[in-house]
Amino acid sequence: MALTQNNPPRRLSGGKLKMYVKGHRVTWGQALTKGKALYEKIRSELEANHAGQYVYIDVYSGDHEVAPDRKTAERRMFERHPDAVLWGRTIGHEGNDKAANCYD
């Protein structure tokens, strides 16, 4: 079941958020953990060449997009991967991790 605005994740008992994407069931925390792990693999390249820009990474494919701002990076990723679960951050800034296609 693909995640769309008409098919958002459901909040389960205990308040945990589940996302349904590409037939997988993923928690918000799992998406953030996987995204950060993928970021760490390409961190040195990104920080050397794109510090201060924004990156989004598809936690399933590992594909990423760098852009001057969050909205541009997000739009480009969803053009390539419409059902993606995205993890993003401003390159070189700790603690501002984001997830897209995740609804609160």
# chains A, B, ... in the order shown; residues from 1 in each chain; ligands from 1
call {"tool": "select_by_dssp", "arguments": {"residues": "range 15-84 of chain A", "states": "helix (DSSP H, G or I)", "output": "VMD selection string"}}
result
chain A and resid 15 28 to 50 70 to 80
call {"tool": "write_last_selection", "arguments": {"atoms": "N, CA and C atoms", "output": "CSV table (one decimal), in the first residue's frame"}}
result
chain,number,residue,atom,x,y,z
A,15,GLY,N,0.7,5.3,20.7
A,15,GLY,CA,1.1,6.5,20.0
A,15,GLY,C,2.2,6.3,19.0
A,28,TRP,N,8.4,5.6,12.2
A,28,TRP,CA,9.1,6.9,12.1
A,28,TRP,C,10.5,6.8,12.5
A,29,GLY,N,10.7,6.2,13.7
A,29,GLY,CA,12.0,6.0,14.2
A,29,GLY,C,12.9,5.1,13.3
A,30,GLN,N,12.4,4.1,12.7
A,30,GLN,CA,13.2,3.3,11.8
A,30,GLN,C,13.6,4.1,10.6
A,31,ALA,N,12.7,4.9,10.1
A,31,ALA,CA,13.0,5.7,8.9
A,31,ALA,C,14.2,6.7,9.3
A,32,LEU,N,14.1,7.3,10.5
A,32,LEU,CA,15.1,8.2,10.9
A,32,LEU,C,16.5,7.5,11.1
A,33,THR,N,16.4,6.3,11.7
A,33,THR,CA,17.6,5.6,12.0
A,33,THR,C,18.3,5.2,10.7
A,34,LYS,N,17.5,4.6,9.7
A,34,LYS,CA,18.1,4.2,8.4
A,34,LYS,C,18.6,5.4,7.6
A,35,GLY,N,17.9,6.5,7.6
A,35,GLY,CA,18.3,7.7,6.9
A,35,GLY,C,19.6,8.2,7.4
A,36,LYS,N,19.8,8.2,8.8
A,36,LYS,CA,21.0,8.7,9.3
A,36,LYS,C,22.2,7.8,9.0
A,37,ALA,N,21.9,6.5,9.0
A,37,ALA,CA,23.0,5.5,8.6
A,37,ALA,C,23.4,5.7,7.2
A,38,LEU,N,22.5,5.9,6.3
A,38,LEU,CA,22.8,6.2,4.9
A,38,LEU,C,23.6,7.5,4.7
A,39,TYR,N,23.2,8.5,5.5
A,39,TYR,CA,23.9,9.8,5.5
A,39,TYR,C,25.3,9.6,5.9
A,40,GLU,N,25.5,8.9,6.9
A,40,GLU,CA,26.9,8.7,7.4
A,40,GLU,C,27.8,8.1,6.4
A,41,LYS,N,27.3,7.3,5.5
A,41,LYS,CA,28.1,6.6,4.4
A,41,LYS,C,28.6,7.7,3.4
A,42,ILE,N,27.8,8.7,3.2
A,42,ILE,CA,28.2,9.7,2.2
A,42,ILE,C,28.5,11.1,2.8
A,43,ARG,N,28.6,11.1,4.1
A,43,ARG,CA,28.7,12.4,4.9
A,43,ARG,C,30.0,13.2,4.4
A,44,SER,N,31.1,12.6,4.3
A,44,SER,CA,32.3,13.3,4.1
A,44,SER,C,32.3,14.0,2.7
A,45,GLU,N,31.7,13.3,1.7
A,45,GLU,CA,31.6,13.9,0.4
A,45,GLU,C,30.6,15.0,0.4
A,46,LEU,N,29.5,14.8,1.1
A,46,LEU,CA,28.4,15.9,1.1
A,46,LEU,C,29.0,17.1,1.9
A,47,GLU,N,29.6,16.9,3.0
A,47,GLU,CA,30.1,18.1,3.8
A,47,GLU,C,31.2,18.8,3.1
A,48,ALA,N,32.0,18.1,2.3
A,48,ALA,CA,33.1,18.7,1.6
A,48,ALA,C,32.6,19.6,0.4
A,49,ASN,N,31.6,19.1,-0.2
A,49,ASN,CA,31.1,19.8,-1.4
A,49,ASN,C,29.8,20.5,-1.3
A,50,HIS,N,29.0,20.3,-0.3
A,50,HIS,CA,27.7,20.9,-0.3
A,50,HIS,C,27.3,21.4,1.1
A,70,ARG,N,15.1,22.8,1.3
A,70,ARG,CA,14.4,21.6,1.6
A,70,ARG,C,13.4,21.3,0.6
A,71,LYS,N,12.6,22.3,0.2
A,71,LYS,CA,11.4,22.0,-0.7
A,71,LYS,C,11.9,21.6,-2.1
A,72,THR,N,13.0,22.2,-2.6
A,72,THR,CA,13.5,21.8,-3.9
A,72,THR,C,14.0,20.3,-3.8
A,73,ALA,N,14.8,20.0,-2.8
A,73,ALA,CA,15.3,18.6,-2.7
A,73,ALA,C,14.2,17.6,-2.5
A,74,GLU,N,13.2,18.0,-1.8
A,74,GLU,CA,12.0,17.1,-1.6
A,74,GLU,C,11.3,16.9,-2.9
A,75,ARG,N,11.0,17.9,-3.6
A,75,ARG,CA,10.3,17.9,-4.9
A,75,ARG,C,11.0,17.0,-5.9
A,76,ARG,N,12.3,17.2,-6.0
A,76,ARG,CA,13.1,16.4,-6.9
A,76,ARG,C,13.1,14.9,-6.6
A,77,MET,N,13.2,14.6,-5.3
A,77,MET,CA,13.2,13.2,-4.9
A,77,MET,C,11.8,12.6,-5.2
A,78,PHE,N,10.7,13.3,-4.9
A,78,PHE,CA,9.4,12.7,-5.1
A,78,PHE,C,9.1,12.6,-6.6
A,79,GLU,N,9.8,13.4,-7.4
A,79,GLU,CA,9.6,13.2,-8.9
A,79,GLU,C,10.2,11.9,-9.3
A,80,ARG,N,11.4,11.5,-8.7
A,80,ARG,CA,12.1,10.3,-9.1
A,80,ARG,C,11.5,9.1,-8.4
call {"tool": "atom_distance", "arguments": {"atom1": "CA of Ser61 in chain A", "atom2": "CA of Ala84 in chain A"}}
result
8.4 Å
call {"tool": "residues_around", "arguments": {"residues": "Asp69 in chain A", "least_positions_apart": "5", "cutoff": "9 Å", "atoms": "only C-alpha atoms", "output": "PyMOL selection string"}}
result
chain A and resi 53-55+74+90
call {"tool": "write_last_selection", "arguments": {"atoms": "C-alpha atoms", "output": "short mmCIF file (atom, residue, chain, number, x, y, z; two decimals), in the first residue's frame"}}
result
data_model
loop_
_atom_site.label_atom_id
_atom_site.label_comp_id
_atom_site.auth_asym_id
_atom_site.auth_seq_id
_atom_site.Cartn_x
_atom_site.Cartn_y
_atom_site.Cartn_z
CA GLN A 53 22.68 22.88 1.47
CA TYR A 54 19.88 20.41 2.09
CA VAL A 55 19.95 16.67 1.35
CA GLU A 74 12.04 17.05 -1.57
CA THR A 90 20.92 20.53 6.31
#
